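Student: I have a structure I would like to understand better, so I am pasting it below and will then ask my questions one at a time.
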Protein chains: 2
Amino acid sequence: MSGDGTVGKALDVLEQVAAFERPVRFGELQEKSPYPKATLYRFLQTLTNQGMLSYEAERQTYAMGMRLVRLAHAAWTTSSLAPIARPFLDQLSAETGETVHLAQLDASQVLYVDKRNAKNPVEMYSQAGKVGPAYCTGVGKAMLAYVEGEALERAIAQQSFHRFTPTTLADPQSLREELVAIRARGYGFDREEHEPGIVCIAVPILTKGSRMLGALSVTGPTSRTSLDQLEHLAPRVLETAKRIGEEAEAWRFPETRQ
Amino acid sequence: MSGDGTVGKALDVLEQVAAFERPVRFGELQEKSPYPKATLYRFLQTLTNQGMLSYEAERQTYAMGMRLVRLAHAAWTTSSLAPIARPFLDQLSAETGETVHLAQLDASQVLYVDKRNAKNPVEMYSQAGKVGPAYCTGVGKAMLAYVEGEALERAIAQQSFHRFTPTTLADPQSLREELVAIRARGYGFDREEHEPGIVCIAVPILTKGSRMLGALSVTGPTSRTSLDQLEHLAPRVLETAKRIGEEAEAWRFPETRQ
DNA sequence: TTTTTAGTTTCATTATTTGAAACCATGTTT
DNA sequence: AAACATGGTTTCAAATAATGAAACTAAAAA
């Protein structure tokens, strides 16, 4: 349950509709909602009136509304790295023959904003938009390595440390040590920590002032690649991340061009 | 100014940040805000805490946040026609050699969700996300033709009827008559009503039950095409709209597949 | 040192929200 | 036909959150 009063609650409801990934009826929402029926109903009315949700009277279903689609455009073009990074990811994926992920940090979780696989090119969004844990993914650890102080401790405190595989880092201290190592090397690995049989090399995307914007990874199955082989790609992946960071910084802070 | 209490106000503030299309400082927002300074400040704090905005401490700027980017994905994939329609637009643009627009109705305005020009292919989003008037655009009129009753009267009441060109429909009655004609023909035109020198043919995208999902247009400059030439495309554009409608309906309401 | 600027916090007052209970419309069962 | 069930919708006294002028804070400028 959120803080931030009424606005926080309304956003919870919006997110609950989004989580269904399909049009959803009032009763289905009510089953899973922590709010009383009248309260939930009123939030749905408010969000629909505001255009954030839409209501289809025939089937009595709620879905994402056009005002949200419009805000989505603004969010995607100004705060997601995906538009800027797209050509760089395509190139890296073509060169390596493996899957490339682009991610940003959403509170304490990983938000995958793009995924490219040159051998199996898919349309925009088909894999983007997924959320994953930070403590046991390459991109997650690469980003956490450049979060500092209280923000880092808050993020660590919110990790579940669920052990997905024998190699999952399952406690805060192991994670902190790993983040120090990543920072020292400049890149990190997913050593089958999240999914068995899946490994990757991951690097942070930083501004010139070393502020973390996101992370990039090259991922493959252990049947086809290994950590050693992926490590040989480190210079190339770091270079790609550097160029994305430069483009992002130039776009967002044009005054630094002077 | 919105209704819907505190949530409506918070969404106004979110939209105000989005409208800048770049990171923005508190003072810049305050200059244009109808809210008192403390009220605006608190909304920005709330939206930032909730992840809908992000705050960059070094430059003291607000921008779209990762939670909105994540909701953006949900909105885009479930409520925008763009993902489904993309291959159809590419094909239509390639065949006609002209620019194809895809739009949906956002309250009483047109939201362009995609734009394709086979001769000048641009990356995702570069032109999508724009908002335009409904009363004097092809797609706008094609959509309004399938809005009925009070919803139509509300939408008409919100049009500015500003006369952009000599051919702009500049009063409600002219618009209503045009909508009747569009519905009779099944398609409409922009006869240089919005921009001089720009014409188009536009068709609605409907479900099987004739519920309006959006609209599609083929647009060109009068230096290269004419309304007559565009009208020859009507069967092909109608077919494309029909297929998009079928795909959208199959996706959103899979139970109709049985 | 003083003044200005942009952002941030306070708290008495006002406005909005809350949510159990009741209501409504439609469909199902007896 | 009447009673019951279901899913959605509305009411309103009480509770809670929001409001916004004024004051405060920190940094920059004069």
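Following the order of the structure tokens, chains are lettered A, B, ..., residues in each are numbered from 1, and ligands are numbered from 1.
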I'd like a table as a tab-separated table: residues in chain C with an atom no more than 8 Å from chain B, each row giving the shortest atom pair and its distance in Å to one decimal, only C-alpha atoms (C1' of nucleotides) counted, sorted by chain and rising residue number.
Tutor:
```
residue	atom	partner	partner_atom	distance
C:DA6	C1'	B:Gly27	CA	7.1
C:DG7	C1'	B:Phe26	CA	7.7
C:DT16	C1'	B:Gly5	CA	7.0
```
Student: Need the shell around DT5 in chain C: protein/DNA/RNA residues with any atom at most 12 Å away, counting only C-alpha atoms (C1' of nucleotides). Skip same-chain ones fewer than 2 positions apart. Format as a list in words?
Tutor: Gly27 of chain B; DT3 and DG7 of chain C; DT25, DA26, DA27, DA28 and DA29 of chain D
Student: Given a cut-off of 7 Å, which residues of chain B touch chain A, counting only C-alpha atoms, written out as a list of chain:residue names?
Tutor: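 That gives B:Asp4, B:Thr6, B:Val7, B:Gly8, B:Ala18, B:Glu21, B:Arg22, B:Thr46, B:Gln50, B:Ala63, B:Met64, B:Gly65, B:Met66, B:Arg67, B:Leu68, B:Val69, B:Arg70, B:Leu71, B:Ala72, B:His73, B:Ala74, B:Ala75, B:Trp76, B:Thr78, B:Ser79, B:Ser80, B:Asp106, B:Gly129, B:Arg252 for chain B.
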Student: Restricted to C-alpha atoms, what would the selected residues look like written as a PDB file, in the first residue's frame?
Tutor:
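Written output follows (result_8.pdb):
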```
ATOM      1  CA  ASP B   4     -12.003  15.041  -9.738  1.00  0.00           C
ATOM      2  CA  THR B   6      -6.847  16.001  -5.704  1.00  0.00           C
ATOM      3  CA  VAL B   7      -6.160  13.265  -8.270  1.00  0.00           C
ATOM      4  CA  GLY B   8      -7.255  15.538 -11.107  1.00  0.00           C
ATOM      5  CA  ALA B  18       5.236  16.351 -19.789  1.00  0.00           C
ATOM      6  CA  GLU B  21       9.337  17.781 -23.291  1.00  0.00           C
ATOM      7  CA  ARG B  22      12.598  18.257 -21.357  1.00  0.00           C
ATOM      8  CA  THR B  46       4.068  13.274  -4.270  1.00  0.00           C
ATOM      9  CA  GLN B  50       5.374   7.681  -6.457  1.00  0.00           C
ATOM     10  CA  ALA B  63      11.233  14.774 -15.592  1.00  0.00           C
ATOM     11  CA  MET B  64       9.020  11.793 -16.346  1.00  0.00           C
ATOM     12  CA  GLY B  65       9.724   8.945 -13.926  1.00  0.00           C
ATOM     13  CA  MET B  66      10.277   5.240 -14.386  1.00  0.00           C
ATOM     14  CA  ARG B  67       6.924   4.207 -12.985  1.00  0.00           C
ATOM     15  CA  LEU B  68       5.323   6.234 -15.762  1.00  0.00           C
ATOM     16  CA  VAL B  69       7.670   4.631 -18.298  1.00  0.00           C
ATOM     17  CA  ARG B  70       6.541   1.238 -17.008  1.00  0.00           C
ATOM     18  CA  LEU B  71       2.860   2.247 -17.172  1.00  0.00           C
ATOM     19  CA  ALA B  72       3.668   3.610 -20.611  1.00  0.00           C
ATOM     20  CA  HIS B  73       4.494   0.124 -21.764  1.00  0.00           C
ATOM     21  CA  ALA B  74       1.202  -1.225 -20.467  1.00  0.00           C
ATOM     22  CA  ALA B  75      -0.730   1.613 -22.034  1.00  0.00           C
ATOM     23  CA  TRP B  76       1.039   1.313 -25.336  1.00  0.00           C
ATOM     24  CA  THR B  78      -2.898  -2.741 -24.476  1.00  0.00           C
ATOM     25  CA  SER B  79      -4.660   0.459 -25.464  1.00  0.00           C
ATOM     26  CA  SER B  80      -2.764   1.906 -28.366  1.00  0.00           C
ATOM     27  CA  ASP B 106      -8.425  11.439 -26.746  1.00  0.00           C
ATOM     28  CA  GLY B 129       2.359  11.342 -29.726  1.00  0.00           C
ATOM     29  CA  ARG B 252      -8.706  -7.289 -26.862  1.00  0.00           C
TER      30      ARG B 252
END
```
Student: Quick one, how far is CA of Val237 in chain A from CA of Thr225 in chain A?
Tutor: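 CA of Val237 in chain A sits 15.9 Å away from CA of Thr225 in chain A.
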Student: I need the contact residues of chain D against chain A, so if you could list those with any atom within 12 Å, counting only C-alpha atoms (C1' of nucleotides), and return them as a list in words, that would help.
Tutor: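 Applying the cut-off to the listed atoms yields DT6, DG7, DG8, DT9, DT10, DT11, DT16, DA17 and DA18 of chain D.
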Student: Once you have the residues from the selection above, write them out as a PDB file, in the first residue's frame, restricted to N, CA and C atoms (P, O5', C5', C4', C3', O3' and C1' of nucleotides).
Tutor:
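Below you can see part-v3.pdb, which holds the result:
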```pdb
ATOM      1  P    DT D   6     -24.775 -15.337  -5.633  1.00  0.00           P
ATOM      2  O5'  DT D   6     -24.535 -14.190  -6.696  1.00  0.00           O
ATOM      3  C5'  DT D   6     -24.902 -14.411  -8.053  1.00  0.00           C
ATOM      4  C4'  DT D   6     -24.648 -13.156  -8.837  1.00  0.00           C
ATOM      5  C3'  DT D   6     -23.367 -12.437  -8.452  1.00  0.00           C
ATOM      6  O3'  DT D   6     -22.553 -12.363  -9.597  1.00  0.00           O
ATOM      7  C1'  DT D   6     -25.194 -10.925  -8.591  1.00  0.00           C
ATOM      8  P    DG D   7     -21.004 -12.008  -9.464  1.00  0.00           P
ATOM      9  O5'  DG D   7     -20.967 -10.524 -10.039  1.00  0.00           O
ATOM     10  C5'  DG D   7     -21.497 -10.270 -11.334  1.00  0.00           C
ATOM     11  C4'  DG D   7     -21.659  -8.781 -11.496  1.00  0.00           C
ATOM     12  C3'  DG D   7     -20.451  -7.974 -11.035  1.00  0.00           C
ATOM     13  O3'  DG D   7     -20.043  -7.143 -12.108  1.00  0.00           O
ATOM     14  C1'  DG D   7     -22.452  -7.139 -10.065  1.00  0.00           C
ATOM     15  P    DG D   8     -18.897  -6.068 -11.926  1.00  0.00           P
ATOM     16  O5'  DG D   8     -19.748  -4.727 -11.727  1.00  0.00           O
ATOM     17  C5'  DG D   8     -20.719  -4.415 -12.717  1.00  0.00           C
ATOM     18  C4'  DG D   8     -21.636  -3.333 -12.219  1.00  0.00           C
ATOM     19  C3'  DG D   8     -20.981  -1.989 -11.943  1.00  0.00           C
ATOM     20  O3'  DG D   8     -21.744  -1.015 -12.641  1.00  0.00           O
ATOM     21  C1'  DG D   8     -22.378  -2.593 -10.147  1.00  0.00           C
ATOM     22  P    DT D   9     -21.273   0.477 -12.781  1.00  0.00           P
ATOM     23  O5'  DT D   9     -22.041   1.174 -11.572  1.00  0.00           O
ATOM     24  C5'  DT D   9     -23.415   1.451 -11.730  1.00  0.00           C
ATOM     25  C4'  DT D   9     -23.934   2.177 -10.510  1.00  0.00           C
ATOM     26  C3'  DT D   9     -23.232   3.490 -10.164  1.00  0.00           C
ATOM     27  O3'  DT D   9     -24.198   4.510 -10.292  1.00  0.00           O
ATOM     28  C1'  DT D   9     -23.638   2.163  -8.228  1.00  0.00           C
ATOM     29  P    DT D  10     -23.875   6.040  -9.940  1.00  0.00           P
ATOM     30  O5'  DT D  10     -24.409   6.175  -8.449  1.00  0.00           O
ATOM     31  C5'  DT D  10     -25.784   5.925  -8.190  1.00  0.00           C
ATOM     32  C4'  DT D  10     -26.090   6.221  -6.742  1.00  0.00           C
ATOM     33  C3'  DT D  10     -25.634   7.586  -6.254  1.00  0.00           C
ATOM     34  O3'  DT D  10     -26.765   8.199  -5.649  1.00  0.00           O
ATOM     35  C1'  DT D  10     -24.904   5.873  -4.769  1.00  0.00           C
ATOM     36  P    DT D  11     -26.695   9.667  -5.033  1.00  0.00           P
ATOM     37  O5'  DT D  11     -26.655   9.368  -3.461  1.00  0.00           O
ATOM     38  C5'  DT D  11     -27.650   8.516  -2.902  1.00  0.00           C
ATOM     39  C4'  DT D  11     -27.423   8.383  -1.413  1.00  0.00           C
ATOM     40  C3'  DT D  11     -27.084   9.685  -0.692  1.00  0.00           C
ATOM     41  O3'  DT D  11     -27.926   9.762   0.450  1.00  0.00           O
ATOM     42  C1'  DT D  11     -25.476   8.030  -0.173  1.00  0.00           C
ATOM     43  P    DT D  16      -9.588   8.881  11.010  1.00  0.00           P
ATOM     44  O5'  DT D  16      -9.009   9.589   9.711  1.00  0.00           O
ATOM     45  C5'  DT D  16      -9.321   9.061   8.427  1.00  0.00           C
ATOM     46  C4'  DT D  16      -8.864  10.027   7.375  1.00  0.00           C
ATOM     47  C3'  DT D  16      -7.423  10.507   7.552  1.00  0.00           C
ATOM     48  O3'  DT D  16      -6.710  10.008   6.444  1.00  0.00           O
ATOM     49  C1'  DT D  16      -8.912  12.312   7.010  1.00  0.00           C
ATOM     50  P    DA D  17      -5.186  10.368   6.243  1.00  0.00           P
ATOM     51  O5'  DA D  17      -5.332  11.458   5.107  1.00  0.00           O
ATOM     52  C5'  DA D  17      -6.198  11.207   4.006  1.00  0.00           C
ATOM     53  C4'  DA D  17      -6.262  12.445   3.141  1.00  0.00           C
ATOM     54  C3'  DA D  17      -4.906  13.028   2.788  1.00  0.00           C
ATOM     55  O3'  DA D  17      -4.904  13.227   1.385  1.00  0.00           O
ATOM     56  C1'  DA D  17      -6.287  14.695   3.785  1.00  0.00           C
ATOM     57  P    DA D  18      -3.732  13.957   0.687  1.00  0.00           P
ATOM     58  O5'  DA D  18      -4.319  15.441   0.587  1.00  0.00           O
ATOM     59  C5'  DA D  18      -5.590  15.624  -0.028  1.00  0.00           C
ATOM     60  C4'  DA D  18      -5.911  17.102  -0.098  1.00  0.00           C
ATOM     61  C3'  DA D  18      -4.831  17.963  -0.720  1.00  0.00           C
ATOM     62  O3'  DA D  18      -5.498  18.840  -1.617  1.00  0.00           O
ATOM     63  C1'  DA D  18      -5.361  18.790   1.442  1.00  0.00           C
TER      64       DA D  18
END
```
Student: List every residue of range 145-187 of chain B that DSSP, applied to the backbone of this structure, assigns to helix (DSSP H, G or I), and report them as number ranges by chain.
Tutor: B: 149-157, 172-185
Student: Please identify all polymer residues within 12 Å of Leu144 in chain B, counting only C-alpha atoms (C1' of nucleotides), omitting same-chain residues fewer than 4 positions from it, and present them as a PyMOL selection string.
Tutor: chain B and resi 103-110+133-140+148-149+151-156+159+175-183+187-188+202-205+211-215
Student: Could you pull out the strand (DSSP E) residues of range 2-222 of chain B, going by DSSP on the backbone, and write them as JSON, numbers by chain?
Tutor: {"B": [24, 25, 53, 54, 55, 56, 61, 62, 63, 64, 99, 100, 101, 102, 103, 104, 105, 106, 109, 110, 111, 112, 113, 114, 115, 116, 117, 131, 132, 133, 188, 189, 190, 191, 198, 199, 200, 201, 202, 203, 204, 205, 206, 212, 213, 214, 215, 216, 217, 218, 219, 220, 221]}
Student: Generate the output file for the selected residues, C-alpha atoms, as a PDB file, in the first residue's frame.
Tutor:
```
ATOM      1  CA  VAL B  24      12.221  21.355 -16.024  1.00  0.00           C
ATOM      2  CA  ARG B  25      12.912  23.352 -12.854  1.00  0.00           C
ATOM      3  CA  LEU B  53       8.285  11.933 -11.973  1.00  0.00           C
ATOM      4  CA  SER B  54      11.985  11.871 -11.279  1.00  0.00           C
ATOM      5  CA  TYR B  55      14.072  14.590  -9.675  1.00  0.00           C
ATOM      6  CA  GLU B  56      17.650  15.286 -10.688  1.00  0.00           C
ATOM      7  CA  THR B  61      14.940  19.390 -12.532  1.00  0.00           C
ATOM      8  CA  TYR B  62      11.854  17.233 -12.784  1.00  0.00           C
ATOM      9  CA  ALA B  63      11.233  14.774 -15.592  1.00  0.00           C
ATOM     10  CA  MET B  64       9.020  11.793 -16.346  1.00  0.00           C
ATOM     11  CA  THR B  99       2.340   9.341 -45.502  1.00  0.00           C
ATOM     12  CA  VAL B 100      -0.026   7.217 -43.431  1.00  0.00           C
ATOM     13  CA  HIS B 101      -1.318   8.362 -40.031  1.00  0.00           C
ATOM     14  CA  LEU B 102      -2.898   6.304 -37.291  1.00  0.00           C
ATOM     15  CA  ALA B 103      -4.947   8.149 -34.679  1.00  0.00           C
ATOM     16  CA  GLN B 104      -7.179   7.590 -31.679  1.00  0.00           C
ATOM     17  CA  LEU B 105      -9.638   9.886 -29.979  1.00  0.00           C
ATOM     18  CA  ASP B 106      -8.425  11.439 -26.746  1.00  0.00           C
ATOM     19  CA  GLN B 109      -8.955  15.711 -29.661  1.00  0.00           C
ATOM     20  CA  VAL B 110      -6.962  13.587 -32.064  1.00  0.00           C
ATOM     21  CA  LEU B 111      -3.986  11.675 -30.675  1.00  0.00           C
ATOM     22  CA  TYR B 112      -1.625  10.583 -33.436  1.00  0.00           C
ATOM     23  CA  VAL B 113      -0.235   7.238 -32.312  1.00  0.00           C
ATOM     24  CA  ASP B 114       1.784   6.401 -35.393  1.00  0.00           C
ATOM     25  CA  LYS B 115       2.907   7.861 -38.675  1.00  0.00           C
ATOM     26  CA  ARG B 116       4.622   6.000 -41.484  1.00  0.00           C
ATOM     27  CA  ASN B 117       6.260   7.239 -44.627  1.00  0.00           C
ATOM     28  CA  VAL B 131      -2.291  15.973 -30.482  1.00  0.00           C
ATOM     29  CA  GLY B 132      -4.464  17.813 -32.968  1.00  0.00           C
ATOM     30  CA  PRO B 133      -7.989  19.170 -33.410  1.00  0.00           C
ATOM     31  CA  GLY B 188     -13.820  11.321 -45.223  1.00  0.00           C
ATOM     32  CA  PHE B 189     -11.365  13.902 -46.463  1.00  0.00           C
ATOM     33  CA  ASP B 190      -9.234  16.691 -45.175  1.00  0.00           C
ATOM     34  CA  ARG B 191      -9.717  19.298 -47.897  1.00  0.00           C
ATOM     35  CA  ILE B 198      -2.227  19.228 -47.315  1.00  0.00           C
ATOM     36  CA  VAL B 199      -5.050  16.836 -48.236  1.00  0.00           C
ATOM     37  CA  CYS B 200      -5.952  13.346 -47.091  1.00  0.00           C
ATOM     38  CA  ILE B 201      -8.421  10.532 -47.190  1.00  0.00           C
ATOM     39  CA  ALA B 202      -9.347   9.093 -43.782  1.00  0.00           C
ATOM     40  CA  VAL B 203     -11.328   6.073 -42.647  1.00  0.00           C
ATOM     41  CA  PRO B 204     -12.527   4.926 -39.239  1.00  0.00           C
ATOM     42  CA  ILE B 205     -11.249   1.765 -37.595  1.00  0.00           C
ATOM     43  CA  LEU B 206     -14.247  -0.083 -36.195  1.00  0.00           C
ATOM     44  CA  MET B 212     -14.991   3.154 -33.165  1.00  0.00           C
ATOM     45  CA  LEU B 213     -11.451   2.262 -32.168  1.00  0.00           C
ATOM     46  CA  GLY B 214      -9.531   4.881 -34.142  1.00  0.00           C
ATOM     47  CA  ALA B 215      -8.843   6.125 -37.660  1.00  0.00           C
ATOM     48  CA  LEU B 216      -6.354   5.823 -40.472  1.00  0.00           C
ATOM     49  CA  SER B 217      -5.434   8.319 -43.167  1.00  0.00           C
ATOM     50  CA  VAL B 218      -3.319   8.680 -46.277  1.00  0.00           C
ATOM     51  CA  THR B 219      -1.987  12.190 -46.574  1.00  0.00           C
ATOM     52  CA  GLY B 220      -0.172  14.119 -49.245  1.00  0.00           C
ATOM     53  CA  PRO B 221       0.694  17.590 -50.492  1.00  0.00           C
TER      54      PRO B 221
END
```
